[in-house]
Structure formats: structure tokens, C-alpha cells
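First up is the structure itself, then whatever we jot down about it.
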Amino acid sequence: MHLTEEEKRVALEQTGNILENYSRERGNLIPILQQVQEKLGYVPLVAMEEVARHLGIPAVDVYSVATFYNQFRLIPPGKHQIKVCMGTACHMKGGNIILDCWKRRLGIDVNQVTPDREFSLERVACVGCCTMAPVTVIDEEVHGKVTPTRVDGLLFSFGVKILKGQQKEGEAVEEQ
């Protein structure tokens with residue numbers, strides 16, 4: 001995902017502020033990345049390069065750590081984060097169908113963000129609401145017994161309307 005010059009500037013500024021609190025020891029890499037993500041919501045490439053410079057290690061080493069651990073996001077999260085539970089109960093009650101529905105309606109795959117950055121989609125392990133399966137969590141609000149029709153209703157609540165016959169499969173159309 002392409003970052004604007006302003007986003008790059010903010011990322012570098014925030015990363016610089018974080019690095020001021022850490023010595024140049026390689027053992028600080030993960031705590032630094034965790035703080036960057038906590039502050040920015042993700043770990044952008046420009047931040048990884050800055051961390052590498054600070055620690056005196058190749059940027060590819062920082063990138064390999066950030067991509068190895070699934071706790072790190074490499075793209076900015078959407079304004080609305082959609083998490084589809086794929087724990088055992090949700091899986092058995094059709095979680096895959098719900099995940100596919102979200103993917104089609106948003107026109108994105110798992111771990112992607114819509115071009116307008118309104119929505120991001122994640123597949124997560126059990127969220128602990130098994131009696132409500134299948135579950136989708138949107139902006140930390142749990143929605144249970146989700147059906148494909150309910151996916152459309154949830155999108156409608158965010159001002160997105162699926163216009164039958166007026167969109168390509170999976171394309172969400174914003175209300176005028």
C-alpha cells in the first residue's frame with residue numbers, strides 16, 4: 001500500500017521519538033517494533049528502515065522479524081477493522097461462508113484494506129463467543145449469528161449499500 005508523504009513524515013517522526021528511549025542493542029528490536037505498532041497501528045516500511053539504521057542492522061533483518069511474527073501489521077488498518085472468527089465453533093457454524101461473504105462484499109482478501117482505507121479484514125482465532133457462532137467483530141463490537149444477509153446489513157450501517165445488478169461481484173457501492 002502506497003503511503004502519502006504526510007503518512008511517511010508522521011511515521012518517521014513517531015519512530016524517531018520511540019527510538020530515543022532505546023539503546024542501539026539488537027535485542028531491542030521486538031520491543032521497538034511493538035511500540036511502533038502501538039503508536040501507528042502498524043509497522044510501515046519507512047519505520048523498519050529507521051529502526052534498522054538505529055540498531056545498525058540490515059533493513060531485511062527488521063523486515064524478517066516483522067513478517068515472522070503475526071502480531072505485526074505491515075499495512076495501516078482500515079478505519080473499521082473487521083475480524084472474522086475462525087475458532088472451532090465458528091468454523092463448524094459456517095465461519096468460512098461468512099469470511100467469503102466479507103471478502104466478496106469488500107472486494108479484498110484477508111489481511112488487506114479497501115482502497116479507501118475504510119475497512120480492513122482479518123481472520124482471527126477464537127474470540128470466546130462460541131455460543132454466538134459464527135461471530136464477526138467490528139471495531140471491537142461483537143456481532144453473533146452472522147449470516148450473509150447480516151453482512152450486507154452491517155455494511156449498510158456504515159453507509160455502504162450493495163446495489164443488485166449495478167456492481168461487479170464483490171464490489172461494495174457507497175450510497176449517494
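If you're wondering about the labels, chains in the C-alpha cells are A, B, ... by order shown, residues count from 1 in each chain, ligands from 1 in order shown.
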
Residues flagged strand (DSSP E) by DSSP in region 3-164 of chain A, as a PDB file with C-alpha atoms, in the first residue's frame:
ATOM      1  CA  HIS A  80     -13.211  -0.051  10.576  1.00  0.00           C
ATOM      2  CA  GLN A  81     -11.469  -3.314  11.432  1.00  0.00           C
ATOM      3  CA  ILE A  82     -13.467  -6.432  10.632  1.00  0.00           C
ATOM      4  CA  LYS A  83     -12.338  -9.644  12.299  1.00  0.00           C
ATOM      5  CA  VAL A  84     -13.995 -12.922  11.378  1.00  0.00           C
ATOM      6  CA  CYS A  85     -13.675 -15.648  13.999  1.00  0.00           C
ATOM      7  CA  GLN A 112      -5.982  -6.377   3.192  1.00  0.00           C
ATOM      8  CA  VAL A 113      -7.528  -2.918   3.335  1.00  0.00           C
ATOM      9  CA  PHE A 119     -12.302  -1.388   6.060  1.00  0.00           C
ATOM     10  CA  SER A 120      -9.663  -3.992   6.816  1.00  0.00           C
ATOM     11  CA  LEU A 121     -10.381  -7.698   7.030  1.00  0.00           C
ATOM     12  CA  GLU A 122      -8.745 -10.225   9.337  1.00  0.00           C
ATOM     13  CA  ARG A 123      -9.223 -13.896  10.072  1.00  0.00           C
ATOM     14  CA  VAL A 124      -8.794 -14.495  13.818  1.00  0.00           C
ATOM     15  CA  THR A 136     -17.652 -11.169  13.394  1.00  0.00           C
ATOM     16  CA  VAL A 137     -16.000  -8.446  15.469  1.00  0.00           C
ATOM     17  CA  ILE A 138     -16.175  -4.929  14.035  1.00  0.00           C
ATOM     18  CA  GLU A 141     -18.013  -4.821  18.881  1.00  0.00           C
ATOM     19  CA  VAL A 142     -19.087  -8.470  18.709  1.00  0.00           C
ATOM     20  CA  HIS A 143     -21.763  -9.487  16.204  1.00  0.00           C
ATOM     21  CA  VAL A 160     -22.258   1.036   2.193  1.00  0.00           C
ATOM     22  CA  LYS A 161     -25.075  -0.289   0.058  1.00  0.00           C
TER      23      LYS A 161
END

Selection near region 86-94 of chain A, 6 Å with only C-alpha atoms, sequence-local residues under 6 positions removed, as an NGL selection string
:A and (124-126 or 130 or 133-134)

If you keep all heavy atoms, can you produce a file of those selected residues as a PDB file, in the first residue's frame?
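Output contents, as saved in selection-v1.pdb:
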ATOM      1  N   VAL A 124      -9.359 -14.350  12.473  1.00  0.00           N
ATOM      2  CA  VAL A 124      -8.794 -14.495  13.818  1.00  0.00           C
ATOM      3  C   VAL A 124      -9.201 -15.833  14.434  1.00  0.00           C
ATOM      4  O   VAL A 124     -10.177 -16.455  14.015  1.00  0.00           O
ATOM      5  CB  VAL A 124      -9.235 -13.337  14.749  1.00  0.00           C
ATOM      6  CG1 VAL A 124      -8.714 -12.002  14.235  1.00  0.00           C
ATOM      7  CG2 VAL A 124     -10.739 -13.282  14.917  1.00  0.00           C
ATOM      8  N   ALA A 125      -8.435 -16.239  15.427  1.00  0.00           N
ATOM      9  CA  ALA A 125      -8.763 -17.449  16.171  1.00  0.00           C
ATOM     10  C   ALA A 125      -9.931 -17.139  17.103  1.00  0.00           C
ATOM     11  O   ALA A 125     -10.472 -16.042  17.091  1.00  0.00           O
ATOM     12  CB  ALA A 125      -7.545 -17.913  16.961  1.00  0.00           C
ATOM     13  N   CYS A 126     -10.296 -18.056  17.897  1.00  0.00           N
ATOM     14  CA  CYS A 126     -11.465 -17.944  18.771  1.00  0.00           C
ATOM     15  C   CYS A 126     -11.503 -16.617  19.532  1.00  0.00           C
ATOM     16  O   CYS A 126     -10.517 -16.221  20.144  1.00  0.00           O
ATOM     17  CB  CYS A 126     -11.474 -19.116  19.752  1.00  0.00           C
ATOM     18  SG  CYS A 126     -12.930 -19.141  20.802  1.00  0.00           S
ATOM     19  N   CYS A 130     -18.393 -18.471  21.612  1.00  0.00           N
ATOM     20  CA  CYS A 130     -18.764 -19.673  20.859  1.00  0.00           C
ATOM     21  C   CYS A 130     -20.267 -19.894  20.755  1.00  0.00           C
ATOM     22  O   CYS A 130     -20.751 -20.409  19.746  1.00  0.00           O
ATOM     23  CB  CYS A 130     -18.090 -20.896  21.471  1.00  0.00           C
ATOM     24  SG  CYS A 130     -16.282 -20.762  21.454  1.00  0.00           S
ATOM     25  N   ALA A 133     -21.819 -18.266  17.597  1.00  0.00           N
ATOM     26  CA  ALA A 133     -21.189 -18.584  16.314  1.00  0.00           C
ATOM     27  C   ALA A 133     -22.200 -18.587  15.171  1.00  0.00           C
ATOM     28  O   ALA A 133     -23.349 -18.962  15.374  1.00  0.00           O
ATOM     29  CB  ALA A 133     -20.494 -19.940  16.421  1.00  0.00           C
ATOM     30  N   PRO A 134     -21.746 -18.150  13.981  1.00  0.00           N
ATOM     31  CA  PRO A 134     -20.442 -17.573  13.646  1.00  0.00           C
ATOM     32  C   PRO A 134     -20.382 -16.091  14.023  1.00  0.00           C
ATOM     33  O   PRO A 134     -21.374 -15.373  13.949  1.00  0.00           O
ATOM     34  CB  PRO A 134     -20.335 -17.769  12.138  1.00  0.00           C
ATOM     35  CG  PRO A 134     -21.747 -17.797  11.653  1.00  0.00           C
ATOM     36  CD  PRO A 134     -22.568 -18.374  12.786  1.00  0.00           C
TER      37      PRO A 134
END

What does the distance between CA of Ala66 (chain A) and CA of Asp109 (chain A) come to in Å, to one decimal place?
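Between CA of Ala66 (chain A) and CA of Asp109 (chain A) the gap is 20.2 Å.
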
Residues at most 6 Å from Arg26 (chain A), counting only C-alpha atoms, excluding those fewer than 2 positions away in the same chain, as a list in words?
Asn28, Leu29 and Leu55 of chain A

Same residues, C-alpha atoms, output as a PDB file, in the first residue's frame:
ATOM      1  CA  ASN A  28      15.578  -4.106  21.494  1.00  0.00           C
ATOM      2  CA  LEU A  29      14.207  -4.875  18.022  1.00  0.00           C
ATOM      3  CA  LEU A  55      20.238  -0.581  15.543  1.00  0.00           C
TER       4      LEU A  55
END

Residues of region 9-47 of chain A in helix (DSSP H, G or I), written as an MDAnalysis selection string:
chainID A and resid 9:19 26:40 45:47

Please identify all polymer residues within 12 Å of Gln34 (chain A), counting only C-alpha atoms, omitting same-chain residues fewer than 2 positions from it, and present them as a list of chain:residue names.
A:Thr15, A:Ile18, A:Leu19, A:Asn28, A:Leu29, A:Ile30, A:Pro31, A:Ile32, A:Val36, A:Gln37, A:Glu38, A:Lys39, A:Leu40, A:Gly41, A:Tyr42, A:Val43, A:Ala47, A:Met48, A:Val51, A:Val65, A:Ala66, A:Tyr69, A:Asn70, A:Gln71, A:Phe72, A:Arg73

Find the residue from A:Val110, A:Leu3, A:Val135, A:Val151 that sits nearest to Pro76 (chain A); use only C-alpha atoms when measuring.
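For Pro76 (chain A), the nearest of the given residues is A:Leu3.
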
Who sits within 10 Å of Lys8 (chain A), only C-alpha atoms, same chain under 6 positions skipped, as a list in words:
His2, Gln14, Pro44, Leu45, Val46 and Ala47 of chain A

Find, counting only C-alpha atoms, the residue in A:Gly95, A:Lys79, A:Leu33, A:Arg104 that gets nearest to Thr67 (chain A).
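Comparing A:Gly95, A:Lys79, A:Leu33, A:Arg104 against Thr67 (chain A), the winner is A:Leu33.
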
Hey, can you check how far CA of Gly56 (chain A) sits from CA of Glu25 (chain A)?
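Computing the Euclidean distance for CA of Gly56 (chain A) and CA of Glu25 (chain A) yields 8.7 Å.
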
Which value, in Å to one decimal, gives the distance between CA of Trp102 (chain A) and CA of Thr4 (chain A)?
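These atoms are spaced 27.1 Å apart.
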